[in-house]
Structures are given as C-alpha cells and as structure tokens.
$ cat query06.txt   # compact mmCIF, C-alpha atoms
# COMPACT_ATOMS: atom_id res chain seq x y z
CA LEU A 1 -59.43 57.43 41.34
CA GLY A 2 -61.84 54.52 41.07
CA ASP A 3 -62.62 55.42 37.45
CA LEU A 4 -58.89 55.49 36.65
CA ALA A 5 -58.39 52.06 38.21
CA ARG A 6 -61.22 50.62 36.11
CA ALA A 7 -60.14 52.30 32.87
CA GLY A 8 -56.40 51.61 33.14
CA TRP A 9 -53.76 53.96 31.73
CA GLN A 10 -54.47 52.96 28.14
CA GLY A 11 -58.17 53.49 28.68
CA ILE A 12 -58.02 57.10 29.88
CA ASP A 13 -59.81 59.69 27.78
CA HIS A 14 -61.14 63.20 28.33
CA ASP A 15 -64.48 61.92 29.60
CA VAL A 16 -62.77 59.90 32.36
CA VAL A 17 -60.35 62.67 33.37
CA SER A 18 -62.86 65.54 33.23
CA GLY A 19 -64.87 63.87 35.98
CA SER A 20 -62.25 65.07 38.49
CA ALA A 21 -63.03 68.77 37.95
CA GLN A 22 -66.27 68.77 39.90
CA VAL A 23 -64.72 66.72 42.70
CA VAL A 24 -61.69 69.01 43.02
CA SER A 25 -63.88 72.14 43.01
CA ALA A 26 -65.98 70.72 45.85
CA MET A 27 -62.89 69.80 47.89
CA LEU A 28 -60.85 73.00 47.59
CA PRO A 29 -62.94 75.13 50.03
CA ASP A 30 -62.32 72.57 52.82
CA PRO A 31 -58.84 73.08 54.39
CA GLY A 32 -58.77 69.45 55.49
CA LEU A 33 -59.19 68.26 51.89
CA ARG A 34 -57.05 70.87 50.15
CA ARG A 35 -53.90 68.73 50.18
CA LEU A 36 -55.66 65.93 48.30
CA ALA A 37 -57.44 68.41 46.04
CA ALA A 38 -54.12 69.97 44.95
CA LEU A 39 -52.70 66.54 44.17
CA LEU A 40 -55.76 65.50 42.16
CA ASP A 41 -55.80 68.82 40.32
CA GLY A 42 -52.23 68.44 39.13
CA PHE A 43 -52.62 64.72 38.41
CA SER A 44 -55.77 65.21 36.34
CA ALA A 45 -54.12 68.02 34.35
CA GLU A 46 -51.19 65.73 33.55
CA LEU A 47 -53.54 62.94 32.48
CA ALA A 48 -55.64 65.31 30.38
CA ALA A 49 -52.52 66.40 28.50
CA SER A 50 -51.81 62.73 27.70
CA CYS A 51 -55.26 61.72 26.42
CA PRO A 52 -56.15 59.43 24.82
CA GLY A 53 -54.10 56.81 26.64
CA ALA A 54 -54.41 54.31 23.80
CA SER A 55 -52.23 56.52 21.56
CA LEU A 56 -49.36 56.97 24.04
CA GLU A 57 -46.04 55.52 22.92
CA ARG A 58 -44.73 55.50 26.48
CA ILE A 59 -46.75 55.53 29.69
CA PRO A 60 -45.02 56.89 32.85
CA VAL A 61 -46.30 53.94 34.84
CA ARG A 62 -44.19 54.44 37.96
CA ARG A 63 -45.00 58.15 38.28
CA TRP A 64 -48.72 57.77 37.65
CA ALA A 65 -48.97 54.76 39.93
CA ASP A 66 -47.27 56.75 42.70
CA LEU A 67 -49.64 59.68 42.24
CA TRP A 68 -52.67 57.38 42.17
CA ALA A 69 -51.53 55.50 45.29
CA ARG A 70 -50.74 58.76 47.09
CA GLY A 71 -54.19 60.12 46.28
CA MET A 72 -55.86 56.93 47.45
CA LEU A 73 -53.93 56.96 50.75
CA LEU A 74 -54.97 60.56 51.38
CA THR A 75 -58.63 59.59 51.06
CA LEU A 76 -58.35 57.30 54.11
CA PRO A 77 -59.89 58.84 57.25
CA GLY A 78 -57.19 60.35 59.43
CA ALA A 79 -54.41 59.98 56.86
CA ALA A 80 -54.09 63.75 56.40
CA ALA A 81 -55.06 64.68 59.96
CA ALA A 82 -53.20 67.55 61.59
CA PRO A 83 -50.03 66.16 63.26
CA ALA A 84 -49.26 66.67 66.93
CA THR A 85 -47.20 69.78 67.59
CA GLU A 86 -45.07 71.40 70.25
CA THR A 87 -43.81 74.98 70.44
CA VAL A 88 -40.19 76.10 70.17
CA THR A 89 -38.26 79.28 70.92
CA GLY A 90 -34.86 80.07 69.48
CA ARG A 91 -32.96 81.10 66.36
CA LEU A 92 -33.70 79.89 62.83
CA LEU A 93 -30.80 79.77 60.36
CA PRO A 94 -31.99 79.27 56.73
CA LEU A 95 -29.99 76.98 54.45
CA GLY A 96 -31.93 77.33 51.22
CA VAL A 97 -35.30 77.46 49.48
CA ASP A 98 -36.82 74.68 47.38
CA VAL A 99 -39.46 75.88 44.91
CA GLN A 100 -41.94 73.60 43.16
CA GLU A 101 -44.73 74.66 40.81
CA HIS A 102 -47.19 73.41 38.26
CA ALA A 103 -49.83 75.21 36.24
CA THR A 104 -52.26 75.87 39.10
CA ALA A 105 -50.16 75.77 42.29
CA ALA A 106 -46.76 76.70 43.69
CA GLN A 107 -44.89 75.83 46.87
CA ALA A 108 -41.77 77.15 48.56
CA GLN A 109 -40.09 75.13 51.29
CA VAL A 110 -37.33 76.69 53.41
CA HIS A 111 -34.82 74.22 54.87
CA ALA A 112 -33.09 75.52 57.99
CA VAL A 113 -31.25 74.72 61.21
CA PHE A 114 -33.08 75.63 64.41
CA GLU A 115 -31.02 76.47 67.50
CA PRO A 116 -33.12 76.28 70.72
CA ALA A 117 -32.88 79.24 73.09
CA ASP A 118 -32.22 76.87 76.00
CA GLY A 119 -29.01 75.60 74.42
CA GLY A 120 -30.43 72.23 73.39
CA THR A 121 -29.35 70.22 70.36
CA PRO A 122 -29.85 72.04 67.04
CA ARG A 123 -32.30 70.35 64.68
CA LEU A 124 -33.15 70.37 61.02
CA VAL A 125 -36.54 71.93 60.29
CA ARG A 126 -38.64 72.97 57.31
CA ALA A 127 -41.21 75.69 56.74
CA SER A 128 -43.53 75.54 53.74
CA VAL A 129 -46.05 77.77 52.05
CA SER A 130 -48.33 76.73 49.17
CA VAL A 131 -50.65 78.86 47.07
CA PRO A 132 -52.94 78.37 44.09
CA LYS A 133 -51.84 80.32 41.03
CA PRO A 134 -53.00 81.16 37.52
CA ASP A 135 -51.02 79.51 34.74
CA THR A 136 -49.98 82.95 33.43
CA VAL A 137 -47.77 83.58 36.49
CA LEU A 138 -44.42 81.87 35.93
CA GLY A 139 -40.81 81.98 37.11
CA ALA A 140 -39.93 84.83 39.45
CA GLY A 141 -43.57 85.92 39.45
CA VAL A 142 -44.49 83.13 41.89
CA TRP A 143 -42.70 85.01 44.70
CA GLN A 144 -45.43 87.66 44.59
CA LEU A 145 -47.99 84.99 45.40
CA LEU A 146 -45.89 83.25 48.07
CA ARG A 147 -44.18 86.18 49.79
CA PRO A 148 -47.21 87.72 51.56
CA HIS A 149 -47.90 84.45 53.39
CA MET A 150 -44.50 83.88 55.02
CA THR A 151 -41.95 86.51 56.11
CA LEU A 152 -39.31 83.78 56.29
CA LEU A 153 -38.99 83.92 52.50
CA ALA A 154 -37.75 87.51 52.64
CA ALA A 155 -35.31 86.66 55.43
CA ALA A 156 -33.95 83.67 53.49
CA GLY A 157 -33.58 85.77 50.35
CA GLU A 158 -31.75 88.51 52.25
CA GLY A 159 -29.48 86.10 54.14
CA ARG A 160 -30.83 86.78 57.64
CA SER A 161 -31.76 84.63 60.61
CA MET A 162 -35.15 84.71 62.34
CA ASP A 163 -35.94 84.71 66.04
CA LEU A 164 -38.85 82.43 66.88
CA THR A 165 -41.05 82.58 69.97
CA ASP A 166 -43.46 79.73 70.71
CA MET A 167 -43.56 78.66 67.05
CA PRO A 168 -45.52 75.41 66.53
CA VAL A 169 -43.49 72.52 65.07
CA THR A 170 -44.30 68.87 64.38
CA ALA A 171 -42.21 65.91 65.48
CA GLU A 172 -41.15 65.54 61.83
CA GLY A 173 -39.55 69.00 61.86
CA ASP A 174 -42.22 70.94 59.97
CA LEU A 175 -42.76 74.44 61.34
CA ILE A 176 -46.44 75.46 61.29
CA TRP A 177 -45.47 78.95 60.26
CA GLN A 178 -47.13 81.94 61.93
CA ASP A 179 -45.66 85.36 61.20
CA ASP A 180 -46.66 86.76 64.59
CA HIS A 181 -44.34 84.24 66.27
CA ALA A 182 -41.25 85.33 64.30
CA ARG A 183 -39.15 88.41 63.78
CA THR A 184 -36.20 89.05 61.50
CA GLY A 185 -32.82 88.61 63.20
CA GLU A 186 -29.15 89.24 62.42
CA PRO A 187 -27.41 88.48 59.12
CA ALA A 188 -26.74 84.74 58.80
CA ASP A 189 -24.65 83.36 55.95
CA ALA A 190 -26.10 80.06 54.73
CA PHE A 191 -22.67 78.62 53.96
CA ALA A 192 -21.42 79.44 57.45
CA THR A 193 -24.51 77.68 58.81
CA ALA A 194 -23.83 74.69 56.54
CA ARG A 195 -20.20 74.43 57.63
CA VAL A 196 -20.71 74.95 61.36
CA ALA A 197 -24.29 74.16 62.42
CA LEU A 198 -25.50 71.60 59.87
CA PRO A 199 -23.10 68.78 60.92
CA THR A 200 -24.34 68.93 64.53
CA ALA A 201 -28.06 69.27 63.73
CA ALA A 202 -30.33 66.35 64.61
CA THR A 203 -32.46 64.88 61.83
CA PRO A 204 -36.15 64.46 62.75
CA PRO A 205 -38.00 61.21 61.98
CA THR A 206 -40.17 61.03 58.88
CA ALA A 207 -43.89 60.36 59.17
CA PRO A 208 -44.89 56.97 57.69
CA LEU A 209 -47.12 58.59 55.07
CA ASP A 210 -44.17 60.65 53.81
CA ARG A 211 -41.61 57.85 53.49
CA HIS A 212 -41.78 57.65 49.73
CA PRO A 213 -38.33 58.23 48.19
CA VAL A 214 -39.67 61.05 46.00
CA ARG A 215 -40.58 63.04 49.13
CA LEU A 216 -37.36 62.44 51.06
CA ALA A 217 -34.83 65.28 50.83
CA HIS A 218 -31.93 65.61 53.26
CA PRO A 219 -29.95 68.89 53.45
CA VAL A 220 -26.21 68.33 52.88
CA PHE A 221 -23.11 70.45 52.36
CA LEU A 222 -20.42 69.45 49.87
CA GLU A 223 -17.07 71.02 49.05
CA GLY A 224 -13.75 69.86 47.64
CA TYR A 225 -15.43 68.13 44.71
CA THR A 226 -14.74 68.42 41.01
CA ALA A 227 -17.67 69.32 38.77
CA GLU A 228 -18.19 68.21 35.18
CA GLN A 229 -20.81 69.38 32.71
CA ASP A 230 -21.68 67.24 29.71
CA ALA A 231 -21.24 69.22 26.50
CA ASP A 232 -24.24 67.58 24.83
CA ASP A 233 -27.03 67.51 27.39
CA GLU A 234 -25.47 69.95 29.94
CA THR A 235 -25.98 67.49 32.82
CA VAL A 236 -23.71 68.11 35.80
CA THR A 237 -21.86 65.50 37.87
CA PHE A 238 -19.85 66.01 41.06
CA THR A 239 -16.92 63.71 41.87
CA LEU A 240 -16.12 63.59 45.58
CA ALA A 241 -13.67 61.17 47.23
CA GLY A 242 -13.72 59.02 44.11
CA HIS A 243 -17.53 58.80 44.01
CA ARG A 244 -19.67 60.31 41.27
CA LEU A 245 -22.91 62.03 42.25
CA ALA A 246 -25.48 63.14 39.68
CA VAL A 247 -26.73 66.72 40.09
CA ASP A 248 -30.36 67.35 39.17
CA THR A 249 -30.14 70.85 37.68
CA ASP A 250 -33.65 70.41 36.23
CA ARG A 251 -34.94 71.02 39.77
CA VAL A 252 -33.23 74.41 39.95
CA PRO A 253 -36.16 76.87 39.76
CA ALA A 254 -36.46 79.54 37.10
CA ALA A 255 -37.48 81.88 39.94
CA GLY A 256 -33.87 82.57 40.96
CA PRO A 257 -30.36 83.36 39.69
CA LEU A 258 -28.93 79.85 40.19
CA THR A 259 -28.14 78.19 36.84
CA PRO A 260 -26.62 74.87 35.71
CA LYS A 261 -23.59 76.85 34.53
CA ALA A 262 -23.06 78.29 38.03
CA VAL A 263 -23.43 74.82 39.55
CA ALA A 264 -20.83 73.40 37.12
CA ALA A 265 -18.39 76.18 38.05
CA SER A 266 -18.89 75.82 41.82
CA GLY A 267 -16.52 74.66 44.54
CA ALA A 268 -19.05 74.29 47.38
CA CYS A 269 -22.73 73.42 47.36
CA ILE A 270 -25.69 73.32 49.74
CA GLY A 271 -28.24 70.90 48.40
CA LEU A 272 -30.90 68.29 49.06
CA LEU A 273 -29.79 64.67 48.78
CA ARG A 274 -32.57 62.70 47.11
CA TRP A 275 -33.15 59.12 46.00
CA ASP A 276 -35.08 58.07 42.91
CA ASP A 277 -35.02 55.23 40.41
CA GLY A 278 -32.31 53.32 42.28
CA ARG A 279 -29.76 56.10 42.70
CA PHE A 280 -28.88 59.13 44.78
CA PHE A 281 -28.75 62.58 43.25
CA LEU A 282 -28.27 66.13 44.50
CA GLN A 283 -30.64 69.05 44.08
CA PRO A 284 -28.64 72.30 44.46
CA LEU A 285 -30.06 75.05 46.69
CA ALA A 286 -26.99 77.31 46.66
CA VAL A 287 -23.40 77.22 45.42
CA GLU A 288 -20.17 79.09 45.98
CA THR A 289 -18.38 80.00 42.77
CA THR A 290 -15.54 82.33 41.76
CA VAL A 291 -16.29 85.53 39.88
CA ARG A 292 -13.34 87.83 39.08
CA LYS A 293 -11.18 86.03 41.64
CA LYS A 294 -13.78 86.54 44.38
CA THR A 295 -15.91 83.85 46.02
CA VAL A 296 -19.57 84.55 45.37
CA ALA A 297 -22.62 82.72 46.73
CA VAL A 298 -25.53 82.10 44.35
CA HIS A 299 -28.83 81.01 45.89
CA ALA A 300 -31.87 79.48 44.20
CA GLY A 301 -34.06 81.52 46.58
CA ALA A 302 -32.16 84.79 46.29
CA TRP A 303 -35.17 86.56 44.74
CA ALA A 304 -37.61 85.40 47.42
CA GLY A 305 -37.61 88.79 49.16
CA GLY A 306 -37.40 90.87 45.97
CA THR A 307 -34.59 91.61 43.55
CA THR A 308 -32.80 94.32 41.61
CA ASP A 309 -31.56 91.72 39.11
CA LYS A 310 -32.72 92.74 35.63
CA ALA A 311 -34.13 89.35 34.68
CA GLY A 312 -35.83 88.89 38.05
CA ALA A 313 -37.26 92.42 38.11
CA LYS A 314 -38.61 92.01 34.57
CA ALA A 315 -40.32 88.73 35.47
CA GLU A 316 -41.79 90.27 38.65
CA LYS A 317 -43.19 93.20 36.68
CA ALA A 318 -44.78 90.88 34.12
CA ALA A 319 -46.33 88.88 36.96
CA THR A 320 -47.59 92.09 38.62
CA ASP A 321 -49.34 93.09 35.40
CA ALA A 322 -50.84 89.62 34.95
CA VAL A 323 -52.11 89.44 38.53
CA ALA A 324 -53.55 92.97 38.32
CA VAL A 325 -55.49 92.05 35.16
CA LEU A 326 -56.80 88.83 36.72
CA ARG A 327 -57.89 90.63 39.89
CA GLU A 328 -59.66 93.30 37.88
CA ARG A 329 -61.50 90.66 35.83
CA ALA A 330 -62.39 88.69 38.96
CA GLY A 331 -63.72 91.85 40.60
CA ARG A 332 -65.81 92.61 37.54
CA LEU A 333 -67.33 89.11 37.62
CA LEU A 334 -68.08 89.41 41.35
CA ARG A 335 -69.77 92.78 40.82
CA LYS A 336 -72.03 91.17 38.25

$ encode --input "query06.txt" --output "structure tokens"
Amino acid sequence: LGDLARAGWQGIDHDVVSGSAQVVSAMLPDPGLRRLAALLDGFSAELAASCPGASLERIPVRRWADLWARGMLLTLPGAAAAPATETVTGRLLPLGVDVQEHATAAQAQVHAVFEPADGGTPRLVRASVSVPKPDTVLGAGVWQLLRPHMTLLAAAGEGRSMDLTDMPVTAEGDLIWQDDHARTGEPADAFATARVALPTAATPPTAPLDRHPVRLAHPVFLEGYTAEQDADDETVTFTLAGHRLAVDTDRVPAAGPLTPKAVAASGACIGLLRWDDGRFFLQPLAVETTVRKKTVAVHAGAWAGGTTDKAGAKAEKAATDAVAVLRERAGRLLRK
C-alpha cells in the first residue's frame, strides 16, 4: 500500500504490484489477517490487469482509492478485531442470497429476518460464508465450495426456515454461523416473509468501519411497480409511485436462475437497496413473475442447495470435474 501511494496510479507496473504476492501469502494462514489478505489479493489482481498505469486511458480513481483506503484502515491495530457478540434463540426466515466472487475468492451472504423465541421484536440479520477458489470454478460451481461450510445455504435454496439455538450474533446483525447451533425448520416462503415480517423487523446499527456506501445494503420489498427494459443496453428500471429506481441486474449472479429478463417481467421484488455514485439503485435477490398465467418466484440463490435445472446441473458437473482434477494434482504435489 505504501508502494502504491508513492508510485501513484499512473506509476504502477508489474514490479510494484507483484510485491503484494509475498505479503498476501504470509497473511493468509493467519485468520485475523485473512480479511485484509483477501482484499489485497483481489486489489493487486485488478491492478496487475491494468499495468502499466501510464498507458491507461481511464483510471478508476474512486474505486481504487476506496480499495486502497479500506486496506489501509484494516492495517490499523484493532480495526478488524472480532466484534462483541451475544447469543440468540429463535426462528430464522431467509429473504435472499447475495453472491459475490472474483478470480480467487467467493462469498455468499444470506439476508434474513430473525424472530426471537421469547416473542421480542424481529430483527434483520445476515449470515456470510467466504471461501478461496481456483479461477477455473465459475458460476453455479461456487456453490460446491460454499455449501459445505453453511447449512443455511441449502435451507435458503429450498425455501425453508431454520431454528437457531444460542447462535452468536453481533450488534450489527451478523450471525457468526455455527452449524451445530441450527437445524432446518418448516417451509418458509421468502415473499410471505417480505410482506409480513420484513416491515416490522428492526434494522441493526452499522459498525463505523462498514459505513461506506458500497457496503451498505438494506433489504426491501417492492410491488405494484412498472418495469421497463432498455432495448439497447438491457438495463432495467422500476417506476413506483412516480419515482424511477435503477435496477442493477449486473449484480445478479450467474450462479442462479434469476435473469434480467425475469426481473423486467416481474411484479414483485425482494432486493437490496444500495447507494453509489450519488444515486440509489436496487439489487434484485428474488422476483415474482407470471409464467403461463401462474405466479412463479425466481430466486438468485435457488441453486444454493443443489438443482435439477439443466444449466445449473451442467455447471455443477463442470465444477466437480475441475475441483477433482485440482485436488488430485494438489495431492500429487503433497506426496512429492
């Protein structure tokens, strides 16, 4: 990070960027440094793909400055310390799954409403799982890497609730997921949850370190809107009560059946309201659309627990083959 500050964006070259590899490798084995290591790994890969900086026609100054500043903040002692937690018992009702990935890592974050067993106020919570991945595993294949680490993904994909017992949670609403504190519950329709439970759920505060607009994402439910899709660039816009809201279909993951076309044909949507570059926009997590005169729900995380969908099953098989080959090669190297 210091080398980048001295070189400037136009001064970056492969010699400057390659210096991060040794640092990242040394940090990854330490759980306390893994968050920063993952950020630096992705950031350095992005910079390496843009070298040399002097030849760039356009420099993404705001994005790179944000990533640099984020990395620098995470180097401060205590900045990434484990947050204080309490334990909760009750029912978890999933709303949707947000999937993010780059070449060497993937993350799934389940947004949900938690209903305490003691009848207290429902609250919005999140549960996340992150894994390193080879760049040959793409699309629906990432579920194979994520699924073994969090049973909640299967429940969310199958449309079921989960019963939690003494599950750790932070004041910011992040569940510190432990499979032995959860069991699969009854069927729970995400749209029923969005219509009934979401409006009454309390929103937790956001930790100061996480108050960057790019990180803020508030679950919302919309219906009664009209949807338009631009014929040229296929961007989607919702119009609700006279207000136009941009829909970021680029954030819809390839690891699920939700498509921009389904979003444009929808009449109800569960999504994450985000703010970036001076405007609000919506990231769809699930939509209700009409197929053959029947209302059908399409979820971005529908394949999280497995799928019989032809495209999803094909992608999973390709990922299985790729992972098997990589494991066999890794085993061969370790034997040597």

$ atom_distance --input "query06.txt" --atom1 "atom CA of A:Ala79" --atom2 "atom CA of A:Gln100"
23.0 Å

$ atom_distance --input "query06.txt" --atom1 "atom CA of A:Leu39" --atom2 "atom CA of A:Gly173"
22.2 Å

$ residues_around --input "query06.txt" --residues "A:Thr151" --least-positions-apart "3" --cutoff "10 Å" --atoms "only C-alpha atoms" --output "number ranges by chain"
A: 146-148, 154-156, 162, 177-180, 182-184, 304-305

$ closest_residue --input "query06.txt" --among "A:Phe221, A:Ala38, A:Val110, A:Asp163" --to "A:Val131" --atoms "only C-alpha atoms"
A:Ala38

$ atom_distance --input "query06.txt" --atom1 "atom CA of A:Ala246" --atom2 "atom CA of A:Ala112"
23.4 Å

$ closest_residue --input "query06.txt" --among "A:His14, A:Arg91, A:Arg6, A:Arg327" --to "A:Leu164" --atoms "only C-alpha atoms"
A:Arg91

$ closest_residue --input "query06.txt" --among "A:Val298, A:Leu67, A:Ala84, A:Ala255" --to "A:Ala313" --atoms "all atoms listed in the file"
A:Ala255

$ closest_residue --input "query06.txt" --among "A:Arg70, A:Arg160, A:Arg62, A:Arg123" --to "A:Ala188" --atoms "all atoms listed in the file"
A:Arg160

$ residues_around --input "query06.txt" --residues "A:Val196" --least-positions-apart "3" --cutoff "12 Å" --atoms "all atoms listed in the file" --output "PyMOL selection string"
chain A and resi 93+95+113+122+188-193+199-201+221

$ decode --input "query06.txt" --residues "stretch 63-75 of chain A" --atoms "all heavy atoms" --output "PDB file, in the first residue's frame"
ATOM      1  N   ARG A  63     -12.810   4.014  -7.325  1.00  0.00           N
ATOM      2  CA  ARG A  63     -12.805   2.609  -6.887  1.00  0.00           C
ATOM      3  C   ARG A  63     -11.454   2.245  -6.275  1.00  0.00           C
ATOM      4  O   ARG A  63     -11.381   1.668  -5.176  1.00  0.00           O
ATOM      5  CB  ARG A  63     -13.105   1.699  -8.074  1.00  0.00           C
ATOM      6  CG  ARG A  63     -12.941   0.221  -7.761  1.00  0.00           C
ATOM      7  CD  ARG A  63     -13.312  -0.651  -8.949  1.00  0.00           C
ATOM      8  NE  ARG A  63     -12.963  -2.033  -8.696  1.00  0.00           N
ATOM      9  CZ  ARG A  63     -13.672  -2.871  -7.948  1.00  0.00           C
ATOM     10  NH1 ARG A  63     -14.763  -2.444  -7.348  1.00  0.00           N
ATOM     11  NH2 ARG A  63     -13.295  -4.119  -7.787  1.00  0.00           N
ATOM     12  N   TRP A  64     -10.376   2.572  -6.962  1.00  0.00           N
ATOM     13  CA  TRP A  64      -9.058   2.204  -6.452  1.00  0.00           C
ATOM     14  C   TRP A  64      -8.718   2.953  -5.167  1.00  0.00           C
ATOM     15  O   TRP A  64      -8.093   2.391  -4.269  1.00  0.00           O
ATOM     16  CB  TRP A  64      -8.004   2.473  -7.518  1.00  0.00           C
ATOM     17  CG  TRP A  64      -8.030   1.464  -8.638  1.00  0.00           C
ATOM     18  CD1 TRP A  64      -8.875   0.393  -8.759  1.00  0.00           C
ATOM     19  CD2 TRP A  64      -7.168   1.426  -9.780  1.00  0.00           C
ATOM     20  NE1 TRP A  64      -8.612  -0.305  -9.908  1.00  0.00           N
ATOM     21  CE2 TRP A  64      -7.566   0.308 -10.557  1.00  0.00           C
ATOM     22  CE3 TRP A  64      -6.138   2.222 -10.225  1.00  0.00           C
ATOM     23  CZ2 TRP A  64      -6.934  -0.024 -11.756  1.00  0.00           C
ATOM     24  CZ3 TRP A  64      -5.487   1.894 -11.420  1.00  0.00           C
ATOM     25  CH2 TRP A  64      -5.891   0.774 -12.179  1.00  0.00           C
ATOM     26  N   ALA A  65      -9.149   4.209  -5.088  1.00  0.00           N
ATOM     27  CA  ALA A  65      -8.902   4.959  -3.854  1.00  0.00           C
ATOM     28  C   ALA A  65      -9.670   4.349  -2.681  1.00  0.00           C
ATOM     29  O   ALA A  65      -9.152   4.257  -1.562  1.00  0.00           O
ATOM     30  CB  ALA A  65      -9.306   6.421  -4.039  1.00  0.00           C
ATOM     31  N   ASP A  66     -10.890   3.892  -2.941  1.00  0.00           N
ATOM     32  CA  ASP A  66     -11.676   3.227  -1.893  1.00  0.00           C
ATOM     33  C   ASP A  66     -10.999   1.944  -1.429  1.00  0.00           C
ATOM     34  O   ASP A  66     -10.914   1.659  -0.225  1.00  0.00           O
ATOM     35  CB  ASP A  66     -13.087   2.902  -2.406  1.00  0.00           C
ATOM     36  CG  ASP A  66     -14.013   4.112  -2.389  1.00  0.00           C
ATOM     37  OD1 ASP A  66     -13.642   5.129  -1.773  1.00  0.00           O
ATOM     38  OD2 ASP A  66     -15.101   4.041  -2.982  1.00  0.00           O
ATOM     39  N   LEU A  67     -10.531   1.141  -2.385  1.00  0.00           N
ATOM     40  CA  LEU A  67      -9.881  -0.121  -2.032  1.00  0.00           C
ATOM     41  C   LEU A  67      -8.582   0.136  -1.270  1.00  0.00           C
ATOM     42  O   LEU A  67      -8.266  -0.559  -0.294  1.00  0.00           O
ATOM     43  CB  LEU A  67      -9.603  -0.939  -3.298  1.00  0.00           C
ATOM     44  CG  LEU A  67     -10.839  -1.533  -3.979  1.00  0.00           C
ATOM     45  CD1 LEU A  67     -10.475  -2.101  -5.348  1.00  0.00           C
ATOM     46  CD2 LEU A  67     -11.465  -2.614  -3.116  1.00  0.00           C
ATOM     47  N   TRP A  68      -7.815   1.135  -1.721  1.00  0.00           N
ATOM     48  CA  TRP A  68      -6.572   1.465  -1.022  1.00  0.00           C
ATOM     49  C   TRP A  68      -6.862   1.920   0.407  1.00  0.00           C
ATOM     50  O   TRP A  68      -6.221   1.472   1.358  1.00  0.00           O
ATOM     51  CB  TRP A  68      -5.814   2.564  -1.787  1.00  0.00           C
ATOM     52  CG  TRP A  68      -4.478   2.881  -1.188  1.00  0.00           C
ATOM     53  CD1 TRP A  68      -3.283   2.317  -1.526  1.00  0.00           C
ATOM     54  CD2 TRP A  68      -4.201   3.816  -0.141  1.00  0.00           C
ATOM     55  NE1 TRP A  68      -2.268   2.842  -0.753  1.00  0.00           N
ATOM     56  CE2 TRP A  68      -2.806   3.770   0.111  1.00  0.00           C
ATOM     57  CE3 TRP A  68      -4.982   4.683   0.606  1.00  0.00           C
ATOM     58  CZ2 TRP A  68      -2.191   4.560   1.075  1.00  0.00           C
ATOM     59  CZ3 TRP A  68      -4.372   5.475   1.569  1.00  0.00           C
ATOM     60  CH2 TRP A  68      -2.996   5.412   1.798  1.00  0.00           C
ATOM     61  N   ALA A  69      -7.854   2.833   0.550  1.00  0.00           N
ATOM     62  CA  ALA A  69      -8.179   3.364   1.882  1.00  0.00           C
ATOM     63  C   ALA A  69      -8.719   2.262   2.789  1.00  0.00           C
ATOM     64  O   ALA A  69      -8.393   2.201   3.985  1.00  0.00           O
ATOM     65  CB  ALA A  69      -9.207   4.494   1.755  1.00  0.00           C
ATOM     66  N   ARG A  70      -9.536   1.370   2.220  1.00  0.00           N
ATOM     67  CA  ARG A  70     -10.066   0.253   3.002  1.00  0.00           C
ATOM     68  C   ARG A  70      -8.931  -0.644   3.505  1.00  0.00           C
ATOM     69  O   ARG A  70      -8.896  -1.053   4.666  1.00  0.00           O
ATOM     70  CB  ARG A  70     -11.031  -0.561   2.143  1.00  0.00           C
ATOM     71  CG  ARG A  70     -11.643  -1.766   2.826  1.00  0.00           C
ATOM     72  CD  ARG A  70     -12.641  -1.343   3.838  1.00  0.00           C
ATOM     73  NE  ARG A  70     -13.360  -2.481   4.386  1.00  0.00           N
ATOM     74  CZ  ARG A  70     -14.250  -2.394   5.363  1.00  0.00           C
ATOM     75  NH1 ARG A  70     -14.534  -1.222   5.880  1.00  0.00           N
ATOM     76  NH2 ARG A  70     -14.856  -3.452   5.813  1.00  0.00           N
ATOM     77  N   GLY A  71      -8.004  -0.953   2.605  1.00  0.00           N
ATOM     78  CA  GLY A  71      -6.860  -1.771   3.002  1.00  0.00           C
ATOM     79  C   GLY A  71      -6.037  -1.099   4.080  1.00  0.00           C
ATOM     80  O   GLY A  71      -5.621  -1.742   5.055  1.00  0.00           O
ATOM     81  N   MET A  72      -5.815   0.192   3.950  1.00  0.00           N
ATOM     82  CA  MET A  72      -5.016   0.904   4.937  1.00  0.00           C
ATOM     83  C   MET A  72      -5.711   0.918   6.303  1.00  0.00           C
ATOM     84  O   MET A  72      -5.073   0.728   7.347  1.00  0.00           O
ATOM     85  CB  MET A  72      -4.756   2.332   4.456  1.00  0.00           C
ATOM     86  CG  MET A  72      -3.817   3.131   5.338  1.00  0.00           C
ATOM     87  SD  MET A  72      -2.181   2.350   5.504  1.00  0.00           S
ATOM     88  CE  MET A  72      -1.484   2.681   3.879  1.00  0.00           C
ATOM     89  N   LEU A  73      -7.036   1.117   6.309  1.00  0.00           N
ATOM     90  CA  LEU A  73      -7.777   1.106   7.576  1.00  0.00           C
ATOM     91  C   LEU A  73      -7.686  -0.258   8.262  1.00  0.00           C
ATOM     92  O   LEU A  73      -7.574  -0.346   9.485  1.00  0.00           O
ATOM     93  CB  LEU A  73      -9.244   1.477   7.339  1.00  0.00           C
ATOM     94  CG  LEU A  73      -9.545   2.944   7.073  1.00  0.00           C
ATOM     95  CD1 LEU A  73     -11.009   3.124   6.671  1.00  0.00           C
ATOM     96  CD2 LEU A  73      -9.245   3.791   8.307  1.00  0.00           C
ATOM     97  N   LEU A  74      -7.734  -1.325   7.461  1.00  0.00           N
ATOM     98  CA  LEU A  74      -7.677  -2.669   8.036  1.00  0.00           C
ATOM     99  C   LEU A  74      -6.309  -3.011   8.616  1.00  0.00           C
ATOM    100  O   LEU A  74      -6.180  -3.966   9.379  1.00  0.00           O
ATOM    101  CB  LEU A  74      -8.075  -3.712   6.987  1.00  0.00           C
ATOM    102  CG  LEU A  74      -9.567  -3.750   6.617  1.00  0.00           C
ATOM    103  CD1 LEU A  74      -9.812  -4.719   5.472  1.00  0.00           C
ATOM    104  CD2 LEU A  74     -10.419  -4.133   7.824  1.00  0.00           C
ATOM    105  N   THR A  75      -5.280  -2.239   8.247  1.00  0.00           N
ATOM    106  CA  THR A  75      -3.964  -2.493   8.829  1.00  0.00           C
ATOM    107  C   THR A  75      -3.827  -1.891  10.228  1.00  0.00           C
ATOM    108  O   THR A  75      -2.895  -2.236  10.962  1.00  0.00           O
ATOM    109  CB  THR A  75      -2.838  -1.901   7.955  1.00  0.00           C
ATOM    110  OG1 THR A  75      -2.942  -0.467   7.954  1.00  0.00           O
ATOM    111  CG2 THR A  75      -2.909  -2.415   6.537  1.00  0.00           C
TER     112      THR A  75
END
